[in-house]
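Next comes start.csv, a file with CSV, C-alpha atoms.
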chain,number,residue,atom,x,y,z
A,1,MET,CA,0.0,0.0,0.0
A,2,ARG,CA,1.3,3.4,-1.0
A,3,ARG,CA,1.8,5.8,2.0
A,4,PHE,CA,2.2,9.6,2.4
A,5,SER,CA,5.6,10.0,4.1
A,6,LYS,CA,5.5,13.6,5.5
A,7,SER,CA,4.3,14.5,9.0
A,8,PHE,CA,1.0,16.5,9.4
A,9,THR,CA,2.2,17.9,12.7
A,10,GLN,CA,5.7,19.1,11.7
A,11,GLN,CA,5.9,22.9,11.5
A,12,GLU,CA,8.2,24.9,9.4
A,13,PRO,CA,11.5,25.8,11.1
A,14,LEU,CA,11.6,29.3,12.5
A,15,SER,CA,13.1,31.9,10.2
A,16,GLU,CA,16.6,33.2,10.8
A,17,ALA,CA,15.1,36.5,11.7
A,18,SER,CA,13.1,34.9,14.6
A,19,ILE,CA,16.2,32.9,15.7
A,20,GLU,CA,18.4,35.9,15.7
A,21,ALA,CA,15.8,38.0,17.7
A,22,ALA,CA,15.5,35.2,20.2
A,23,VAL,CA,19.3,34.9,20.6
A,24,ALA,CA,19.6,38.6,21.1
A,25,VAL,CA,17.1,38.5,24.0
A,26,MET,CA,18.8,35.5,25.5
A,27,ARG,CA,22.1,37.3,25.4
A,28,THR,CA,20.7,40.1,27.6
A,29,GLY,CA,19.0,37.8,30.1
A,30,ARG,CA,16.1,40.2,30.2
A,31,LEU,CA,13.3,37.6,29.4
A,32,HIS,CA,10.7,39.1,31.7
A,33,ARG,CA,8.6,41.7,29.8
A,34,TYR,CA,9.1,44.4,32.4
A,35,ASN,CA,12.8,43.8,32.9
A,36,LEU,CA,14.1,46.6,30.7
A,37,VAL,CA,17.0,49.1,30.6
A,38,GLU,CA,16.6,52.8,30.2
A,39,GLY,CA,15.0,53.7,26.9
A,40,GLU,CA,14.3,50.1,26.0
A,41,LYS,CA,10.7,49.3,24.8
A,42,GLY,CA,10.9,45.6,25.0
A,43,GLU,CA,10.0,42.8,22.6
A,44,THR,CA,6.6,42.1,24.2
A,45,ALA,CA,5.5,45.8,24.1
A,46,LEU,CA,6.6,46.1,20.5
A,47,LEU,CA,4.8,42.9,19.5
A,48,GLU,CA,1.6,44.3,21.1
A,49,GLN,CA,2.0,47.6,19.3
A,50,GLU,CA,2.6,45.9,15.9
A,51,PHE,CA,-0.3,43.4,16.4
A,52,ALA,CA,-2.7,46.2,17.3
A,53,SER,CA,-1.6,48.1,14.2
A,54,SER,CA,-2.2,45.1,12.0
A,55,LEU,CA,-5.8,44.9,13.2
A,56,GLY,CA,-6.4,48.6,13.1
A,57,VAL,CA,-7.3,48.8,16.9
A,58,PRO,CA,-5.6,50.9,19.6
A,59,TYR,CA,-4.9,48.2,22.2
A,60,ALA,CA,-3.4,44.7,22.3
A,61,LEU,CA,-2.0,42.5,25.1
A,62,ALA,CA,0.3,39.5,24.9
A,63,CYS,CA,-0.6,36.6,27.1
A,64,ALA,CA,0.7,33.2,28.2
A,65,SER,CA,-1.8,31.3,26.0
A,66,GLY,CA,-4.8,31.8,23.9
A,67,GLY,CA,-7.0,30.1,26.5
A,68,TYR,CA,-5.7,32.6,29.1
A,69,ALA,CA,-6.6,35.5,26.7
A,70,LEU,CA,-10.2,34.1,26.5
A,71,GLN,CA,-10.5,34.0,30.3
A,72,LEU,CA,-9.0,37.4,30.6
A,73,ALA,CA,-11.4,38.8,28.1
A,74,LEU,CA,-14.4,37.5,30.0
A,75,ARG,CA,-13.2,38.9,33.3
A,76,ALA,CA,-12.2,42.2,31.8
A,77,CYS,CA,-15.6,42.5,30.2
A,78,GLY,CA,-17.3,42.1,33.6
A,79,LEU,CA,-18.2,38.4,33.9
A,80,VAL,CA,-19.2,37.5,37.4
A,81,ALA,CA,-19.5,33.9,38.9
A,82,GLY,CA,-22.5,32.1,37.5
A,83,ASP,CA,-23.0,34.3,34.5
A,84,ARG,CA,-24.2,32.4,31.4
A,85,VAL,CA,-22.0,32.6,28.3
A,86,LEU,CA,-23.3,31.5,24.9
A,87,CYS,CA,-20.8,29.5,22.9
A,88,ASN,CA,-20.8,27.5,19.6
A,89,ALA,CA,-21.6,23.9,19.9
A,90,PHE,CA,-18.7,23.2,17.4
A,91,THR,CA,-15.5,24.5,19.0
A,92,LEU,CA,-12.4,23.2,20.7
A,93,SER,CA,-12.5,22.3,24.4
A,94,PRO,CA,-10.4,25.3,25.6
A,95,VAL,CA,-13.3,27.6,24.7
A,96,PRO,CA,-15.9,26.2,27.1
A,97,GLY,CA,-13.0,25.5,29.4
A,98,SER,CA,-12.1,29.2,29.6
A,99,ILE,CA,-15.7,30.0,30.3
A,100,HIS,CA,-15.8,27.5,33.2
A,101,ALA,CA,-12.4,28.7,34.5
A,102,ALA,CA,-13.6,32.3,34.6
A,103,GLY,CA,-16.6,31.3,36.7
A,104,GLY,CA,-19.2,31.3,33.9
A,105,GLU,CA,-21.6,28.7,32.7
A,106,ALA,CA,-21.4,27.8,29.0
A,107,VAL,CA,-24.6,27.5,27.1
A,108,LEU,CA,-24.2,25.9,23.7
A,109,VAL,CA,-25.7,27.3,20.4
A,110,ASP,CA,-26.5,25.2,17.4
A,111,ILE,CA,-24.6,25.5,14.1
A,112,LEU,CA,-25.4,25.6,10.4
A,113,ASP,CA,-24.4,23.1,7.7
A,114,ASP,CA,-21.3,25.1,7.1
A,115,THR,CA,-20.2,24.6,10.8
A,116,THR,CA,-20.6,28.2,11.7
A,117,VAL,CA,-23.0,29.4,14.4
A,118,ASP,CA,-26.7,29.6,13.6
A,119,PRO,CA,-27.9,33.2,14.2
A,120,ASP,CA,-31.5,32.2,14.7
A,121,ASP,CA,-30.5,29.7,17.4
A,122,LEU,CA,-28.2,32.3,18.9
A,123,ALA,CA,-31.2,34.6,19.2
A,124,ALA,CA,-33.3,31.8,20.7
A,125,ALA,CA,-30.6,31.0,23.2
A,126,ALA,CA,-30.3,34.7,24.2
A,127,ARG,CA,-34.0,34.8,24.8
A,128,GLU,CA,-34.0,31.6,26.8
A,129,THR,CA,-31.1,32.4,29.0
A,130,GLY,CA,-30.7,36.1,29.3
A,131,ALA,CA,-27.0,35.6,28.7
A,132,ARG,CA,-24.9,38.8,28.7
A,133,PHE,CA,-21.9,37.3,26.7
A,134,PHE,CA,-21.3,35.3,23.6
A,135,MET,CA,-17.9,33.7,23.0
A,136,LEU,CA,-17.9,33.2,19.2
A,137,SER,CA,-15.4,30.6,18.0
A,138,HIS,CA,-14.4,30.9,14.4
A,139,MET,CA,-13.8,27.2,14.6
A,140,ARG,CA,-11.3,25.7,12.1
A,141,GLY,CA,-11.1,29.1,10.4
A,142,HIS,CA,-14.7,29.3,9.3
A,143,ILE,CA,-16.2,32.8,9.7
A,144,GLY,CA,-20.0,32.9,9.8
A,145,ASP,CA,-22.5,35.6,8.8
A,146,MET,CA,-21.0,38.4,10.9
A,147,GLU,CA,-23.7,41.0,10.1
A,148,ALA,CA,-26.4,38.6,11.4
A,149,ILE,CA,-24.3,37.6,14.5
A,150,VAL,CA,-23.5,41.2,15.5
A,151,ALA,CA,-27.2,42.2,14.9
A,152,VAL,CA,-28.3,39.4,17.3
A,153,CYS,CA,-25.8,40.5,19.9
A,154,ASP,CA,-26.8,44.2,19.6
A,155,THR,CA,-30.5,43.4,19.8
A,156,HIS,CA,-30.1,41.3,23.0
A,157,GLY,CA,-27.4,43.5,24.7
A,158,ILE,CA,-24.8,40.7,24.5
A,159,THR,CA,-21.1,41.4,24.7
A,160,LEU,CA,-19.4,39.6,21.8
A,161,ILE,CA,-15.9,38.1,22.4
A,162,GLU,CA,-14.3,36.5,19.4
A,163,ASP,CA,-12.1,33.4,19.6
A,164,CYS,CA,-9.8,33.9,16.7
A,165,ALA,CA,-7.4,31.0,17.4
A,166,HIS,CA,-7.9,29.8,13.8
A,167,THR,CA,-8.5,33.2,12.0
A,168,MET,CA,-5.4,35.3,12.7
A,169,GLY,CA,-4.8,37.1,9.4
A,170,ALA,CA,-8.4,36.4,8.2
A,171,SER,CA,-11.1,39.0,7.5
A,172,TYR,CA,-14.8,39.3,6.7
A,173,ALA,CA,-16.1,42.0,4.4
A,174,GLY,CA,-12.6,43.5,4.6
A,175,ARG,CA,-12.7,43.8,8.3
A,176,PRO,CA,-10.1,41.8,10.3
A,177,SER,CA,-11.3,38.8,12.4
A,178,GLY,CA,-11.3,39.8,16.0
A,179,THR,CA,-12.5,43.4,15.5
A,180,PHE,CA,-16.3,42.7,15.3
A,181,GLY,CA,-16.7,42.2,19.1
A,182,LYS,CA,-15.7,43.9,22.3
A,183,VAL,CA,-12.5,41.7,22.4
A,184,GLY,CA,-10.7,39.5,19.9
A,185,CYS,CA,-8.5,36.6,21.3
A,186,PHE,CA,-5.8,34.9,19.4
A,187,SER,CA,-3.4,32.0,19.9
A,188,THR,CA,0.3,31.6,19.0
A,189,GLN,CA,0.5,28.0,20.0
A,190,THR,CA,2.6,25.8,17.7
A,191,TYR,CA,-0.2,24.7,15.4
A,192,LYS,CA,-1.6,28.2,14.8
A,193,HIS,CA,-0.7,30.8,12.2
A,194,ILE,CA,2.4,32.2,14.1
A,195,ASN,CA,4.3,30.0,16.4
A,196,SER,CA,5.8,30.6,19.8
A,197,GLY,CA,5.1,27.1,21.2
A,198,GLU,CA,2.5,28.6,23.5
A,199,GLY,CA,1.1,32.1,23.7
A,200,GLY,CA,-1.9,34.4,23.0
A,201,LEU,CA,-2.9,37.9,22.1
A,202,LEU,CA,-5.9,40.0,23.2
A,203,ALA,CA,-7.1,43.0,21.1
A,204,THR,CA,-9.8,45.6,21.9
A,205,SER,CA,-10.8,49.2,21.2
A,206,ASP,CA,-12.3,49.6,24.7
A,207,PRO,CA,-9.9,51.5,27.0
A,208,GLU,CA,-11.5,50.2,30.3
A,209,VAL,CA,-11.5,46.6,29.2
A,210,MET,CA,-7.8,47.0,28.2
A,211,ARG,CA,-6.9,48.6,31.6
A,212,ARG,CA,-8.5,45.7,33.4
A,213,ALA,CA,-6.8,43.2,31.2
A,214,VAL,CA,-3.4,44.8,31.6
A,215,ILE,CA,-3.7,44.7,35.4
A,216,MET,CA,-5.1,41.2,35.5
A,217,SER,CA,-2.4,39.9,33.2
A,218,GLY,CA,0.2,40.7,35.9
A,219,SER,CA,1.5,44.2,35.2
A,220,TYR,CA,1.7,45.1,38.9
A,221,MET,CA,2.1,48.9,38.7
A,222,LEU,CA,4.2,48.7,35.5
A,223,TYR,CA,1.3,49.5,33.1
A,224,ASP,CA,3.3,52.5,31.8
A,225,ARG,CA,5.6,50.1,30.0
A,226,HIS,CA,2.9,49.1,27.5
A,227,LEU,CA,2.8,50.7,24.1
A,228,ALA,CA,-0.6,49.5,22.9
A,229,ALA,CA,-2.6,50.4,26.1
A,230,PRO,CA,-4.4,53.5,27.4
A,231,THR,CA,-2.3,56.2,29.0
A,232,ALA,CA,-0.7,55.5,32.4
A,233,GLU,CA,-2.6,58.3,34.0
A,234,SER,CA,-5.9,56.7,33.1
A,235,PHE,CA,-5.1,53.6,35.3
A,236,HIS,CA,-5.5,55.6,38.5
A,237,ASP,CA,-8.8,54.0,39.6
A,238,THR,CA,-8.6,50.6,37.7
A,239,ARG,CA,-5.2,49.7,39.3
A,240,LEU,CA,-6.6,49.6,42.8
A,241,VAL,CA,-9.7,47.5,42.2
A,242,THR,CA,-8.5,44.9,39.7
A,243,PRO,CA,-6.9,41.7,40.8
A,244,ASN,CA,-3.5,40.5,39.5
A,245,MET,CA,-3.8,37.0,37.8
A,246,SER,CA,-0.4,36.7,36.2
A,247,GLY,CA,-0.4,35.3,32.7
A,248,ARG,CA,2.0,37.5,30.8
A,249,MET,CA,4.0,36.7,27.7
A,250,ASP,CA,7.8,37.0,28.0
A,251,ASN,CA,10.2,38.8,25.8
A,252,LEU,CA,11.7,35.6,24.3
A,253,ARG,CA,8.4,34.4,22.8
A,254,ALA,CA,7.6,37.9,21.7
A,255,ALA,CA,10.9,38.2,19.9
A,256,VAL,CA,10.2,34.9,18.1
A,257,LEU,CA,6.8,36.2,17.0
A,258,ARG,CA,7.5,39.6,15.7
A,259,PRO,CA,9.2,38.5,12.5
A,260,GLN,CA,6.4,35.9,11.9
A,261,LEU,CA,3.8,38.6,12.3
A,262,ALA,CA,5.4,40.4,9.4
A,263,GLU,CA,5.3,37.2,7.4
A,264,LEU,CA,1.6,36.5,8.1
A,265,LYS,CA,0.1,37.7,4.8
A,266,ALA,CA,2.6,35.6,2.8
A,267,ARG,CA,1.8,32.6,4.9
A,268,GLN,CA,-1.9,33.1,4.3
A,269,ALA,CA,-1.4,33.0,0.5
A,270,ARG,CA,0.6,29.8,0.8
A,271,TRP,CA,-2.0,28.1,3.1
A,272,THR,CA,-4.8,29.2,0.8
A,273,ALA,CA,-3.0,27.7,-2.2
A,274,LEU,CA,-2.7,24.3,-0.4
A,275,TYR,CA,-6.4,24.5,0.7
A,276,ARG,CA,-7.7,25.2,-2.7
A,277,ARG,CA,-5.6,22.3,-4.2
A,278,ILE,CA,-7.1,19.9,-1.7
A,279,GLU,CA,-10.6,21.4,-2.0
A,280,ALA,CA,-10.5,21.0,-5.8
A,281,GLY,CA,-9.4,17.4,-5.6
A,282,LEU,CA,-12.0,16.4,-3.0
A,283,ALA,CA,-14.8,18.2,-4.8
A,284,ASP,CA,-14.4,15.6,-7.6
A,285,ASN,CA,-15.6,12.9,-5.2
A,286,ALA,CA,-19.3,12.6,-5.2
A,287,LEU,CA,-19.3,11.2,-1.7
A,288,VAL,CA,-17.6,14.3,-0.3
A,289,ASP,CA,-19.4,17.6,0.6
A,290,ILE,CA,-16.9,20.5,0.9
A,291,ILE,CA,-17.8,23.1,3.5
A,292,PRO,CA,-18.8,26.2,1.6
A,293,ARG,CA,-17.1,29.6,2.2
A,294,HIS,CA,-18.9,32.9,2.6
A,295,ALA,CA,-18.2,35.2,-0.4
A,296,GLN,CA,-17.1,38.0,2.0
A,297,GLU,CA,-14.7,35.7,3.9
A,298,ASP,CA,-10.9,36.1,3.4
A,299,PHE,CA,-9.8,33.0,5.3
A,300,VAL,CA,-6.5,31.3,6.2
A,301,GLY,CA,-6.6,27.7,5.0
A,302,SER,CA,-4.4,26.0,7.6
A,303,SER,CA,-6.8,23.1,7.7
A,304,ILE,CA,-9.7,21.8,5.6
A,305,GLN,CA,-13.0,20.2,6.6
A,306,PHE,CA,-15.6,18.2,4.7
A,307,ARG,CA,-18.7,16.1,5.3
A,308,LEU,CA,-19.6,12.6,4.3
A,309,PRO,CA,-23.4,12.7,4.6
A,310,SER,CA,-24.2,9.6,2.5
A,311,LEU,CA,-21.8,7.3,4.4
A,312,SER,CA,-22.8,5.2,7.4
A,313,PRO,CA,-20.7,5.5,10.6
A,314,GLU,CA,-19.2,2.1,9.8
A,315,ARG,CA,-18.1,3.2,6.4
A,316,ILE,CA,-16.7,6.5,7.7
A,317,THR,CA,-14.8,4.4,10.3
A,318,ARG,CA,-13.3,2.3,7.5
A,319,PHE,CA,-12.4,5.4,5.5
A,320,VAL,CA,-10.7,7.1,8.4
A,321,ALA,CA,-8.7,3.8,9.1
A,322,GLY,CA,-7.8,3.6,5.4
A,323,CYS,CA,-6.5,7.2,5.5
A,324,GLU,CA,-4.5,6.4,8.7
A,325,ALA,CA,-3.0,3.3,7.0
A,326,ARG,CA,-1.9,5.5,4.1
A,327,GLY,CA,-0.1,8.1,6.4
A,328,ILE,CA,-3.0,10.6,6.5
A,329,PRO,CA,-4.2,11.3,10.1
A,330,LEU,CA,-7.8,12.4,9.3
A,331,LYS,CA,-9.9,13.5,12.3
A,332,TRP,CA,-13.6,12.6,12.4
A,333,TYR,CA,-15.9,14.3,14.8
A,334,GLY,CA,-18.3,11.4,14.8
A,335,LYS,CA,-16.1,9.2,16.9
A,336,PRO,CA,-17.8,8.3,20.2
A,337,GLN,CA,-14.7,9.2,22.3
A,338,PRO,CA,-12.5,12.3,22.2
A,339,GLU,CA,-9.1,11.8,20.5
A,340,ASP,CA,-6.0,14.0,20.4
A,341,TYR,CA,-7.2,17.6,19.9
A,342,THR,CA,-10.6,16.4,18.6
A,343,SER,CA,-13.6,16.4,20.9
A,344,ARG,CA,-17.3,16.9,20.6
A,345,TYR,CA,-19.5,18.9,23.0
A,346,ASP,CA,-21.1,15.8,24.6
A,347,SER,CA,-17.7,14.8,26.0
A,348,TRP,CA,-17.5,18.1,28.0
A,349,ARG,CA,-19.3,16.6,31.0
A,350,TYR,CA,-18.6,19.5,33.3
A,351,LEU,CA,-21.1,21.5,31.4
A,352,PRO,CA,-24.7,21.7,32.6
A,353,ALA,CA,-27.5,20.0,30.7
A,354,THR,CA,-27.3,21.2,27.1
A,355,ARG,CA,-30.0,22.6,24.9
A,356,ALA,CA,-31.2,20.5,22.0
A,357,LEU,CA,-28.6,20.9,19.2
A,358,PRO,CA,-30.0,18.8,16.3
A,359,ASN,CA,-28.0,20.3,13.5
A,360,ALA,CA,-24.7,20.1,15.4
A,361,ASP,CA,-25.4,16.4,16.1
A,362,ARG,CA,-26.0,15.7,12.4
A,363,VAL,CA,-23.2,17.8,11.0
A,364,LEU,CA,-20.5,16.6,13.5
A,365,ALA,CA,-21.5,13.0,12.9
A,366,GLU,CA,-20.4,13.5,9.2
A,367,LEU,CA,-17.5,15.9,9.7
A,368,CYS,CA,-13.9,15.2,8.9
A,369,ASP,CA,-10.9,17.5,9.5
A,370,LEU,CA,-7.4,17.6,8.0
A,371,ARG,CA,-4.4,19.8,9.0
A,372,LEU,CA,-2.4,21.4,6.2
A,373,PRO,CA,1.1,22.4,7.3
A,374,LEU,CA,3.2,24.7,5.2
A,375,THR,CA,5.8,22.0,4.9
A,376,PHE,CA,3.6,20.5,2.1
A,377,THR,CA,3.7,21.4,-1.6
A,378,GLU,CA,0.8,21.7,-3.9
A,379,GLU,CA,1.9,18.5,-5.7
A,380,GLU,CA,1.9,16.7,-2.4
A,381,CYS,CA,-1.6,17.8,-1.9
A,382,ASP,CA,-2.5,16.0,-5.1
A,383,ASP,CA,-0.9,12.9,-3.7
A,384,ILE,CA,-3.0,13.3,-0.5
A,385,VAL,CA,-6.2,13.5,-2.5
A,386,GLN,CA,-5.3,10.4,-4.5
A,387,LEU,CA,-4.6,8.4,-1.4
A,388,MET,CA,-7.8,9.6,0.3
A,389,GLY,CA,-9.6,8.5,-2.9
A,390,ASP,CA,-8.1,5.1,-2.6
A,391,ALA,CA,-9.2,4.9,1.0
A,392,MET,CA,-12.7,5.9,0.0
A,393,GLU,CA,-12.9,3.3,-2.7
A,394,GLU,CA,-11.8,0.6,-0.3
A,395,ALA,CA,-14.2,1.7,2.4
A,396,THR,CA,-17.2,1.8,0.1
A,397,ASP,CA,-16.5,-1.3,-2.0
A,398,LYS,CA,-19.7,-3.3,-1.5
A,399,THR,CA,-18.1,-6.5,-2.6
A,400,THR,CA,-15.7,-6.5,0.4
A,401,ASN,CA,-17.5,-4.2,2.8
A,402,PRO,CA,-21.2,-5.1,2.7
Give the structure from the file, written as structure tokens.
Amino acid sequence: MRRFSKSFTQQEPLSEASIEAAVAVMRTGRLHRYNLVEGEKGETALLEQEFASSLGVPYALACASGGYALQLALRACGLVAGDRVLCNAFTLSPVPGSIHAAGGEAVLVDILDDTTVDPDDLAAAARETGARFFMLSHMRGHIGDMEAIVAVCDTHGITLIEDCAHTMGASYAGRPSGTFGKVGCFSTQTYKHINSGEGGLLATSDPEVMRRAVIMSGSYMLYDRHLAAPTAESFHDTRLVTPNMSGRMDNLRAAVLRPQLAELKARQARWTALYRRIEAGLADNALVDIIPRHAQEDFVGSSIQFRLPSLSPERITRFVAGCEARGIPLKWYGKPQPEDYTSRYDSWRYLPATRALPNADRVLAELCDLRLPLTFTEEECDDIVQLMGDAMEEATDKTTNP
């Protein structure tokens, strides 16, 4: 049996610019973001300034992780213990996990066939629960109908927080992902669009949210060393009533990220080329339903998703096993137990009883997911499609698999 030999989890090496920046920080020993010499701005503060500028917002904060950024956003926006927070039924476990960790109660919202949140069910959940917050996950890089989503939030007085772990560099109707809500939260974990191993970024245009986030992140009284934050004088009241919950990014990770941020648009173009190559190949298979993209969505195709609506669970199981045997680690959301990074909402048993989510149940039972690292070439994408086609033929051969 022919196999694909490259790893789906191996990232590109860091550029020489990132390596040199990291070495320069290590030579000083000043890894802590507030450990600066006279006149030095610091890598973390510069990263925040550059990231805010890339989004067209005034404020950004670098954090220890994307999950911490989500928790921080909820707290800085005024979440109190027991508050209900609406959340997509299709997301990764750190999203409801951040709601739980911040003291909230996640309430799941159904999805559409394209895996994005259903605005009608969002409105229904808002009416049912009186929730004051919606943590919108742009899961696997799919951006939903933002006009409809924002309209629902405005109508019901809901604070919108965007989880942009999979949409850094993406936009909708020309507006960057993460700028539609009160706060946008991003990840720089290894498998995201820029890589510091672990890390996160929070962006907002709200000065009081930013003041709270800076203090909560662990600034002590060093908020004047931030470049993408409100003026130091404006912290006078916030600094005394906001708890410190340290979760800062350090200068070493920021140094690694700054050159990558400058490379992001070029990376997006490369990812989209790989995505479109796989998409075109899979679209030729009558058993595969490609997830449609909104016309106004400018996405980053670092992974691809598709549905297998005409296949039974047994045949999907055989197809996934056939892909695995050919060196292609395809993830299937219909598996009864969580696996690796893939889990379904019914495995998050710390959540209270969920609302009925009929479309999510149907879509996730059919949904497959494939990572697309930049170490691949477009020609190798053709090989992947061919091998997946072989696995599909094997799984659906009625003479051997009745």
With a distance cut-off of 12 Å and all atoms listed in the file, select the neighbouring residues of Gly174 in chain A, excluding the residue or stretch itself and same-chain residues fewer than 4 positions from it, and output the selection as a count of residues only. 12
Write out as an NGL selection string each polymer residue whose atoms come within 9 Å of Arg270 in chain A, counting only C-alpha atoms; drop sequence neighbours fewer than 4 positions from it. :A and (265-266 or 274-275 or 301 or 374)
Could you write those residues out with C-alpha atoms, as a JSON list (two decimals), keeping the file's coordinate frame?
[["chain", "number", "residue", "atom", "x", "y", "z"],
["A", 265, "LYS", "CA", 0.10, 37.70, 4.80],
["A", 266, "ALA", "CA", 2.60, 35.60, 2.80],
["A", 274, "LEU", "CA", -2.70, 24.30, -0.40],
["A", 275, "TYR", "CA", -6.40, 24.50, 0.70],
["A", 301, "GLY", "CA", -6.60, 27.70, 5.00],
["A", 374, "LEU", "CA", 3.20, 24.70, 5.20]]
Coordinates-based distance that separates CA of Gln49 in chain A from CA of Glu198 in chain A (Å, one decimal):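 Separation of CA of Glu198 in chain A and CA of Gln49 in chain A: 19.5 Å.
Here the question is which of A:Gly184, A:Gly178, A:Gly78, A:Gly197 gets nearest to Ile158 in chain A using all atoms listed in the file, and that residue is A:Gly78.
When all atoms listed in the file are used to compute distances to Ala360 in chain A, the closest of the residues A:Ala125, A:Cys153, A:Val109, A:Ile384 turns out to be A:Val109.
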Find, counting all atoms listed in the file, the residue in A:Leu252, A:Ala173, A:Ala353, A:Cys63 that gets nearest to Gly42 in chain A. A:Leu252
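In this comparison, which uses only C-alpha atoms, the residue of A:Ala269, A:Ile278, A:Asp340, A:Glu394 approaching Thr317 in chain A most closely is A:Glu394.
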Could you tell me which of A:Tyr333, A:Tyr345, A:Trp271, A:Phe376 comes closest to Arg307 in chain A if we count all atoms listed in the file? A:Tyr333
Closest of A:Ala273, A:Leu311, A:Val57, A:Val23 to Thr377 in chain A - atom-to-atom distances counting all atoms listed in the file: A:Ala273
Any idea what's packed within 10 Å of Thr129 in chain A, counting all atoms listed in the file, ignoring anything in its chain fewer than 5 positions away? Could you give it as a PyMOL selection string? chain A and resi 83-86+107+124
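Here CA of Ile328 in chain A is placed at a distance of 9.6 Å from CA of Arg371 in chain A.
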Using only C-alpha atoms, which protein or nucleic acid residues come within 7 Å of Leu108 in chain A? Drop anything in the same chain fewer than 6 positions from it, and give the result as a VMD selection string. chain A and resid 86 to 89 354 to 355
